[in-house]
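Report on one structure; see the data block that follows.
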Amino acid sequence: MNRFAELLDRLAYEPGRNNKLRLITSYFRAVGDPDRGYALAALTGALSFKHAKPGLIRDLIAARTDPVLFGLSYDYVGDLSETVALMWPKSELAAHNNPPPPTLTEVVTTLRTLGKTELPAQLARWLDELDETGRWALLKLVTGALRIGISARLAKTAAAALGDKDPHEVELIWPGLVPPYLDLFAWLEGRAEKPVNRDPAPFRPVMLAHAIEETDFAALDPADYIAEWKWDGIRVQGVAGRDDRGHIAARLYSRTGEDITGSFPDLVPSLRLPGAIDGELLILRDGRVQSFNVLQQRLNRKVVSPKLIKEFPIHLRAYDLIGDDENDLRELPFAERRERLEVFIRKLDDPRIDLSPTVPFASWDALTAARADPASAGAGEDADAVEGVMLKRRDAPYLPGRPKGQWWKWKRDPHIIDAVLMYAQRGHGKRSSYYSDYTFGVWTEGDSGDELVPVGKAYFGFTDEELLQIDRFVRRNTTEKFGPVRHIVHEPDKGLVLEVAFEGLQRSPRHKSGVAMRFPRISRLRWDKPPREADRLGTLEKMLKTEAAEVDA
Amino acid sequence: MNGMRPQDILLPAAAGLCCKPGGFHIDPVRPVERAVITHGHSDHARAGHGAVLATQETLDMMRLRYGENFAGSTQAIRYGEEIRLGDVGVKFHPAGHVLGSAQIAVTCKNTCIVASGDYKDAPDPTCTPFELVPGDVFITEATFGLPVFRHGDAADEVKKLLASVAVFPERAHLVGAYSLGKAQRVIALLRAAGYDAPIYLHGAMEAITHYYQSRGIELGELRAVKGVKKAALAGTITLAPPSATSDLWTRRFPDPVTAFASGWMRVRARARQRGVELPLVISDHADWDGLTATIAATGAGEIWVTHGQEDALVHWCKSKGLQARPLDLVGYGDEEETETPLQDEAEA
């Protein structure tokens, strides 16, 4: 448990992706089976312990500490697990006998079979045996609140690196594996054959597109490409296959391979033909695609109620077929897969799954026109849910990752506003000496005339050279400092105007301005513009009305 | 007994803890005629007093920081030595906080008050160990006066640092540490752990670290980081004042890992606030267990609690049947708390 606790502790502070990978891989290398397998399970979210609730932990600490001291400590630390981990008293017996702390395997296997009534005493024993970091990790683990910024994908990538394997290979066999993954580690260390994925409906690593730039078009021939609408939904893979007994198993995966079937039970009956569809998850009402804001209201719900299912009818818009019954189609050229897809969807004949139409075009000019006005280029009433066009080479096989020159995304122009830099905060990791997180605001009528109100935060979009320029500006124009945050001069004639690009806007009672941006980033520095000429909140509210109209309709 | 009331011997005043019958202040925050100083940290040892009584090390450190004329006159005192000042006896005892740090026992007519300054009961190879001084009143600091502050073995924290250097040999490790005491202790701990490569120093740490070496403290090979090529700093460890680790100064290092050696690192939110990637829980102050064990062991029936988390410690004392009260002294305990503002573009 101590090694795992050290790993979690270090990961919790490490901002860099590559460094996180290195830390996890070196843990897998240093720690043996089966502990490392349970660690991988914990990091990929494959473990859950239903009885360990915060209330139980509160009771344990209340029985052992002075309530005044606990109150003062909790106020200071601000996190229950951490407070308990730090102030848990040394037990006399533990100090005397010095029993070895539990291994991660012992914790996981014990908790699996332990009854609810035995849990408090067992947890207390472990807390007696562990040190501060160990106790913190134990409490985070059992309450299921690791929150250390590690995705399942990242943990699997770290495991793959142990054997110099492509993470996609691990992803492919993952659905058939169970903790503590002895067969996986044996293969990664070259001691055994690759485990066979017996999952009847496995995930296949997805193919991704590059963003296209103006300068790319010159080298591309329109005849080599098929265009489709780029839908503003969620990329998913809908897979169906037959299990050992010949029954259909259906699964829905996110683009990272996470099994999200449980969140969309209403789509499962539609996935009844063996095969693997690559497509976009959308909400359709009366045949019309709803905006991303609407879709978002169906996501990340703990309970999928009948009401939710009724009000947010789920839909899969298919644009690729990578498996057809037993056949793997990924080696075939896209044009051929597209034909197979059209047949497949016709045969399926299901109202919840339809075909994403292609966008006919003969020249880049024609496609530019279609992208500018999707409504009259075939998208019709769904045009508001189109965020651009996709270009796919007719002869491209389905390749995992982001291969060069095969698929392109050409997004609709983002929303743009001019905002004023108000506060800056230091970044993390490599950027820890730079002020790289910016809060910006727009003008609104205040009690004493016009004032700036913060509307968002951005920490990318600028070049390295621009970062240096802003950093210098921040250091020279700070009016106040609060810990890591600097207030930057923002007056009508003094300050820096940032051109901010963003994808969408939502009403947000949590923000003082009442609006929240989706995917904001700095697109240009407007050194030329005085802050007084920056945009007003009214401009954003007008955009909000346009978006809201989509939601209500 | 013809003992005096403790508050007639020592009393909090605007300039600091004042001893009227002895005619001096302990660690005064404003210039006074006669100052008795516990240790060399800048919040306790200030310039501009008439006469200063302190250990030789503390006087030397004040001289390093403030120059030759930091006081009208000075007098050095050894641990265990007792002198009379006015109507009181003053005796110095090791506090285990930093090199030369002392607790000051003030005795007047059979009543003994021990002003412990900053102290720790944990082992530290760079200073004389803390000595328990029995008395009637014990004045304790409370920097880490909450039961969440339990500091563990500093050697384990240094192992964490070395493990990180092993995992990231192409990166530089930058350890923020207070330049008087903490930095030298971290270096000594690294040496004790078997690390024998040169250790690099930020300019602000050089003078005080060399002073430690001149007092016979073995720190191995030390180098100034200034002027060293970026690539040459891969895989190395550099010590710097905490404020420098988030400054422009860090750009001279290859992809630095920012560590910080402090008791505050025990609490995650504090470490995150500072943008620390590798918190090292190494403290030169007693932790909660150290404070409570020391208070109990002194046998003092009355405890005065100053600078830090007074509430929790006063509450604990009372729950153990001890008389306790917070001393409202201001101006202490911020040696690690505030970042000394460096000039923005300064190269230190």
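Ligands are numbered from 1 in the order shown, chains are lettered A, B, ... in the order of the structure tokens, and residues start at 1 in each chain.
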
Can you list every residue in region 161-268 of chain B that DSSP puts in helix (DSSP H, G or I), as a PyMOL selection string?
-> chain B and resi 161-167+182-192+203-214+230-233+242-246+248-252+263-266+268

Using only N, CA and C atoms, please write the residues we just selected to a file, as a short mmCIF file (atom, residue, chain, number, x, y, z; two decimals), in the first residue's frame.
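Listed below is the output, result37.cif:
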data_model
loop_
_atom_site.label_atom_id
_atom_site.label_comp_id
_atom_site.auth_asym_id
_atom_site.auth_seq_id
_atom_site.Cartn_x
_atom_site.Cartn_y
_atom_site.Cartn_z
N LEU B 161 12.95 12.72 -2.66
CA LEU B 161 13.65 13.62 -3.58
C LEU B 161 14.63 12.82 -4.45
N LEU B 162 15.39 11.93 -3.82
CA LEU B 162 16.38 11.17 -4.59
C LEU B 162 15.70 10.21 -5.56
N ALA B 163 14.55 9.65 -5.16
CA ALA B 163 13.82 8.76 -6.06
C ALA B 163 13.37 9.55 -7.28
N SER B 164 12.96 10.78 -7.09
CA SER B 164 12.51 11.61 -8.21
C SER B 164 13.68 11.93 -9.14
N VAL B 165 14.85 12.21 -8.57
CA VAL B 165 16.04 12.48 -9.39
C VAL B 165 16.36 11.24 -10.24
N ALA B 166 16.13 10.06 -9.67
CA ALA B 166 16.41 8.82 -10.41
C ALA B 166 15.41 8.62 -11.55
N VAL B 167 14.14 8.97 -11.33
CA VAL B 167 13.13 8.79 -12.38
C VAL B 167 13.28 9.84 -13.48
N LYS B 182 17.24 25.50 7.10
CA LYS B 182 16.58 24.45 6.34
C LYS B 182 17.47 23.97 5.19
N ALA B 183 18.05 24.90 4.47
CA ALA B 183 18.88 24.53 3.32
C ALA B 183 20.03 23.64 3.76
N GLN B 184 20.71 24.01 4.83
CA GLN B 184 21.86 23.25 5.29
C GLN B 184 21.43 21.88 5.82
N ARG B 185 20.26 21.85 6.44
CA ARG B 185 19.77 20.57 6.96
C ARG B 185 19.44 19.63 5.81
N VAL B 186 18.81 20.17 4.75
CA VAL B 186 18.48 19.34 3.59
C VAL B 186 19.77 18.79 2.96
N ILE B 187 20.78 19.66 2.85
CA ILE B 187 22.06 19.21 2.27
C ILE B 187 22.65 18.09 3.14
N ALA B 188 22.66 18.31 4.46
CA ALA B 188 23.22 17.29 5.36
C ALA B 188 22.44 15.98 5.26
N LEU B 189 21.13 16.07 5.12
CA LEU B 189 20.31 14.86 4.98
C LEU B 189 20.61 14.13 3.68
N LEU B 190 20.81 14.93 2.60
CA LEU B 190 21.17 14.32 1.31
C LEU B 190 22.49 13.57 1.44
N ARG B 191 23.45 14.19 2.12
CA ARG B 191 24.76 13.53 2.31
C ARG B 191 24.60 12.27 3.14
N ALA B 192 23.76 12.34 4.18
CA ALA B 192 23.56 11.17 5.04
C ALA B 192 22.91 10.04 4.26
N GLY B 203 22.39 32.08 -5.31
CA GLY B 203 23.31 33.08 -4.76
C GLY B 203 22.96 33.50 -3.33
N ALA B 204 21.66 33.59 -3.04
CA ALA B 204 21.24 34.08 -1.72
C ALA B 204 21.57 33.11 -0.59
N MET B 205 21.99 31.87 -0.93
CA MET B 205 22.25 30.88 0.12
C MET B 205 23.73 30.71 0.40
N GLU B 206 24.55 31.28 -0.47
CA GLU B 206 25.98 30.94 -0.40
C GLU B 206 26.61 31.36 0.92
N ALA B 207 26.44 32.63 1.32
CA ALA B 207 27.16 33.14 2.49
C ALA B 207 26.82 32.33 3.75
N ILE B 208 25.52 32.14 3.99
CA ILE B 208 25.12 31.47 5.22
C ILE B 208 25.55 30.00 5.22
N THR B 209 25.49 29.37 4.02
CA THR B 209 25.89 27.96 3.94
C THR B 209 27.40 27.81 4.20
N HIS B 210 28.17 28.73 3.63
CA HIS B 210 29.60 28.68 3.88
C HIS B 210 29.91 28.94 5.35
N TYR B 211 29.08 29.76 6.00
CA TYR B 211 29.26 29.99 7.43
C TYR B 211 29.05 28.67 8.20
N TYR B 212 28.01 27.93 7.82
CA TYR B 212 27.78 26.63 8.48
C TYR B 212 29.02 25.75 8.33
N GLN B 213 29.57 25.72 7.09
CA GLN B 213 30.76 24.90 6.86
C GLN B 213 31.92 25.36 7.75
N SER B 214 32.04 26.68 7.92
CA SER B 214 33.14 27.22 8.73
C SER B 214 32.99 26.82 10.20
N LYS B 230 22.79 25.50 -18.83
CA LYS B 230 21.52 24.83 -18.60
C LYS B 230 21.64 23.31 -18.69
N ALA B 231 22.25 22.84 -19.75
CA ALA B 231 22.33 21.39 -19.97
C ALA B 231 23.09 20.69 -18.85
N ALA B 232 24.05 21.42 -18.27
CA ALA B 232 24.87 20.80 -17.22
C ALA B 232 24.08 20.61 -15.93
N LEU B 233 22.89 21.23 -15.84
CA LEU B 233 22.11 21.13 -14.62
C LEU B 233 21.12 19.96 -14.63
N PRO B 242 12.60 29.87 -1.18
CA PRO B 242 11.29 29.48 -1.71
C PRO B 242 10.76 30.45 -2.78
N SER B 243 10.98 31.74 -2.57
CA SER B 243 10.41 32.70 -3.51
C SER B 243 11.04 32.57 -4.90
N ALA B 244 12.28 32.09 -4.96
CA ALA B 244 12.97 32.01 -6.25
C ALA B 244 12.46 30.86 -7.12
N THR B 245 11.84 29.84 -6.48
CA THR B 245 11.48 28.65 -7.25
C THR B 245 10.30 28.87 -8.17
N SER B 246 9.61 30.02 -8.04
CA SER B 246 8.55 30.30 -8.99
C SER B 246 8.88 31.57 -9.78
N LEU B 248 11.37 34.02 -12.48
CA LEU B 248 12.05 33.97 -13.79
C LEU B 248 13.36 33.22 -13.71
N TRP B 249 13.97 33.31 -12.53
CA TRP B 249 15.26 32.67 -12.28
C TRP B 249 15.25 31.19 -12.68
N THR B 250 14.09 30.52 -12.56
CA THR B 250 14.02 29.08 -12.82
C THR B 250 14.22 28.74 -14.30
N ARG B 251 14.17 29.75 -15.17
CA ARG B 251 14.25 29.45 -16.61
C ARG B 251 15.65 28.98 -17.02
N ARG B 252 16.60 29.12 -16.12
CA ARG B 252 17.95 28.65 -16.47
C ARG B 252 18.09 27.14 -16.27
N GLY B 263 7.46 22.34 6.69
CA GLY B 263 6.40 21.67 7.43
C GLY B 263 5.03 21.97 6.85
N TRP B 264 4.90 23.10 6.16
CA TRP B 264 3.61 23.45 5.54
C TRP B 264 3.21 22.46 4.47
N MET B 265 4.18 21.75 3.92
CA MET B 265 3.91 20.83 2.82
C MET B 265 3.08 19.63 3.27
N ARG B 266 2.87 19.52 4.59
CA ARG B 266 2.03 18.44 5.10
C ARG B 266 0.60 18.57 4.58
N ARG B 268 -1.97 19.46 1.67
CA ARG B 268 -1.95 19.47 0.21
C ARG B 268 -2.32 20.81 -0.40
#

Exercise: Ala193 (chain B) partners within 9 Å, only C-alpha atoms, chain neighbours under 6 positions left out, as a PyMOL selection string | chain B and resi 155+158-159+162

Give the strand (DSSP E) residues of region 147-280 of chain A, as assigned by DSSP on the backbone, as a VMD selection string.
-> chain A and resid 210 to 211 225 to 231 234 to 242 248 to 254 275 to 280

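Applying a distance limit of 6 Å to only C-alpha atoms, the residues of chain A near chain B read A:Tyr13, A:Glu14, A:Leu86, A:Met87, A:Lys430, A:Ser433.
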
Can you list, as a ChimeraX atom specification, every protein, DNA or RNA residue that comes within 6 Å of region 217-233 of chain A when you count only C-alpha atoms, leaving out same-chain residues fewer than 2 positions away?
-> /A:215,280-282,292,358-359,363,385-394

Contacts of Lys120 (chain B) within 10 Å, only C-alpha atoms, excl. fewer than 2 positions in-chain, as number ranges by chain | B: 95-98, 116, 118, 122-124, 129-131, 283-287, 290-291, 294

Could you please take those selected residues and save C-alpha atoms as a compact mmCIF listing (two decimals), in the first residue's frame?
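Once everything was written out, this is out38.txt:
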# COMPACT_ATOMS: atom_id res chain seq x y z
CA ALA B 95 16.55 24.78 21.08
CA GLY B 96 17.38 22.42 18.19
CA HIS B 97 15.83 24.85 15.68
CA VAL B 98 18.87 26.06 13.68
CA SER B 116 11.79 28.63 23.99
CA ASP B 118 11.40 28.44 17.87
CA ALA B 122 13.48 16.10 15.94
CA PRO B 123 17.09 15.15 15.13
CA ASP B 124 19.07 17.63 13.02
CA PRO B 129 19.86 18.94 19.93
CA PHE B 130 16.95 20.44 21.85
CA GLU B 131 17.33 20.30 25.60
CA SER B 283 10.31 21.22 9.32
CA ASP B 284 12.59 23.05 11.72
CA HIS B 285 9.66 23.59 14.08
CA ALA B 286 8.22 21.00 16.45
CA ASP B 287 5.17 19.24 15.06
CA GLY B 290 6.58 17.40 19.53
CA LEU B 291 4.82 20.45 20.96
CA THR B 294 7.56 18.92 25.18

Find the residues near Gly40 (chain B): any atom within 9 Å, counting only C-alpha atoms, skip ones fewer than 2 places away on the same chain, and give them as a ChimeraX atom specification.
-> /B:37-38,42-46,57-62,98-101,180

Spatial neighbours of region 87-93 of chain B, max dist 8 Å, only C-alpha atoms, sep filter under 5 positions, as a PyMOL selection string = chain B and resi 21-22+77-82+102-109+130-131+133

Write a file of the just-selected residues containing C-alpha atoms, as a PDB file, in the first residue's frame.
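The resulting again_7.pdb:
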ATOM      1  CA  PRO B  21      13.194  43.467  36.316  1.00  0.00           C
ATOM      2  CA  GLY B  22      16.001  42.479  33.912  1.00  0.00           C
ATOM      3  CA  ILE B  77      26.854  33.516  25.611  1.00  0.00           C
ATOM      4  CA  ARG B  78      27.328  29.741  25.558  1.00  0.00           C
ATOM      5  CA  TYR B  79      24.741  27.033  26.111  1.00  0.00           C
ATOM      6  CA  GLY B  80      24.526  26.309  29.837  1.00  0.00           C
ATOM      7  CA  GLU B  81      26.065  29.641  30.757  1.00  0.00           C
ATOM      8  CA  GLU B  82      24.133  31.879  33.158  1.00  0.00           C
ATOM      9  CA  ALA B 102      18.572  28.884  22.063  1.00  0.00           C
ATOM     10  CA  GLN B 103      15.836  28.736  24.637  1.00  0.00           C
ATOM     11  CA  ILE B 104      16.190  31.411  27.268  1.00  0.00           C
ATOM     12  CA  ALA B 105      15.434  30.581  30.896  1.00  0.00           C
ATOM     13  CA  VAL B 106      14.680  33.710  32.901  1.00  0.00           C
ATOM     14  CA  THR B 107      14.726  33.238  36.683  1.00  0.00           C
ATOM     15  CA  CYS B 108      13.674  35.776  39.273  1.00  0.00           C
ATOM     16  CA  LYS B 109      13.171  34.936  42.952  1.00  0.00           C
ATOM     17  CA  PHE B 130      16.951  20.440  21.848  1.00  0.00           C
ATOM     18  CA  GLU B 131      17.330  20.298  25.605  1.00  0.00           C
ATOM     19  CA  VAL B 133      14.366  22.794  30.451  1.00  0.00           C
TER      20      VAL B 133
END

Do a neighbour search on Arg34 (chain B) at 10 Å with only C-alpha atoms, toss out local chain neighbours closer than 3 positions, and write the hits as a PyMOL selection string.
-> chain B and resi 22-26+28+31+37+49-53+71-74

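The shortest atom-to-atom distance to Ala12 (chain A), with only C-alpha atoms taken into account, belongs to A:Trp136 out of A:Tyr434, A:Trp136, A:Phe28, A:Phe70.
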
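Closest to Pro313 (chain A) among A:Lys53, A:His168, A:Arg352, A:Arg340 is A:Arg352, based on only C-alpha atoms.
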
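Closest approach to Gly16 (chain A) from the set A:Thr368, A:Arg317, A:Leu182, A:His428 is made by A:His428, with distances taken over only C-alpha atoms.
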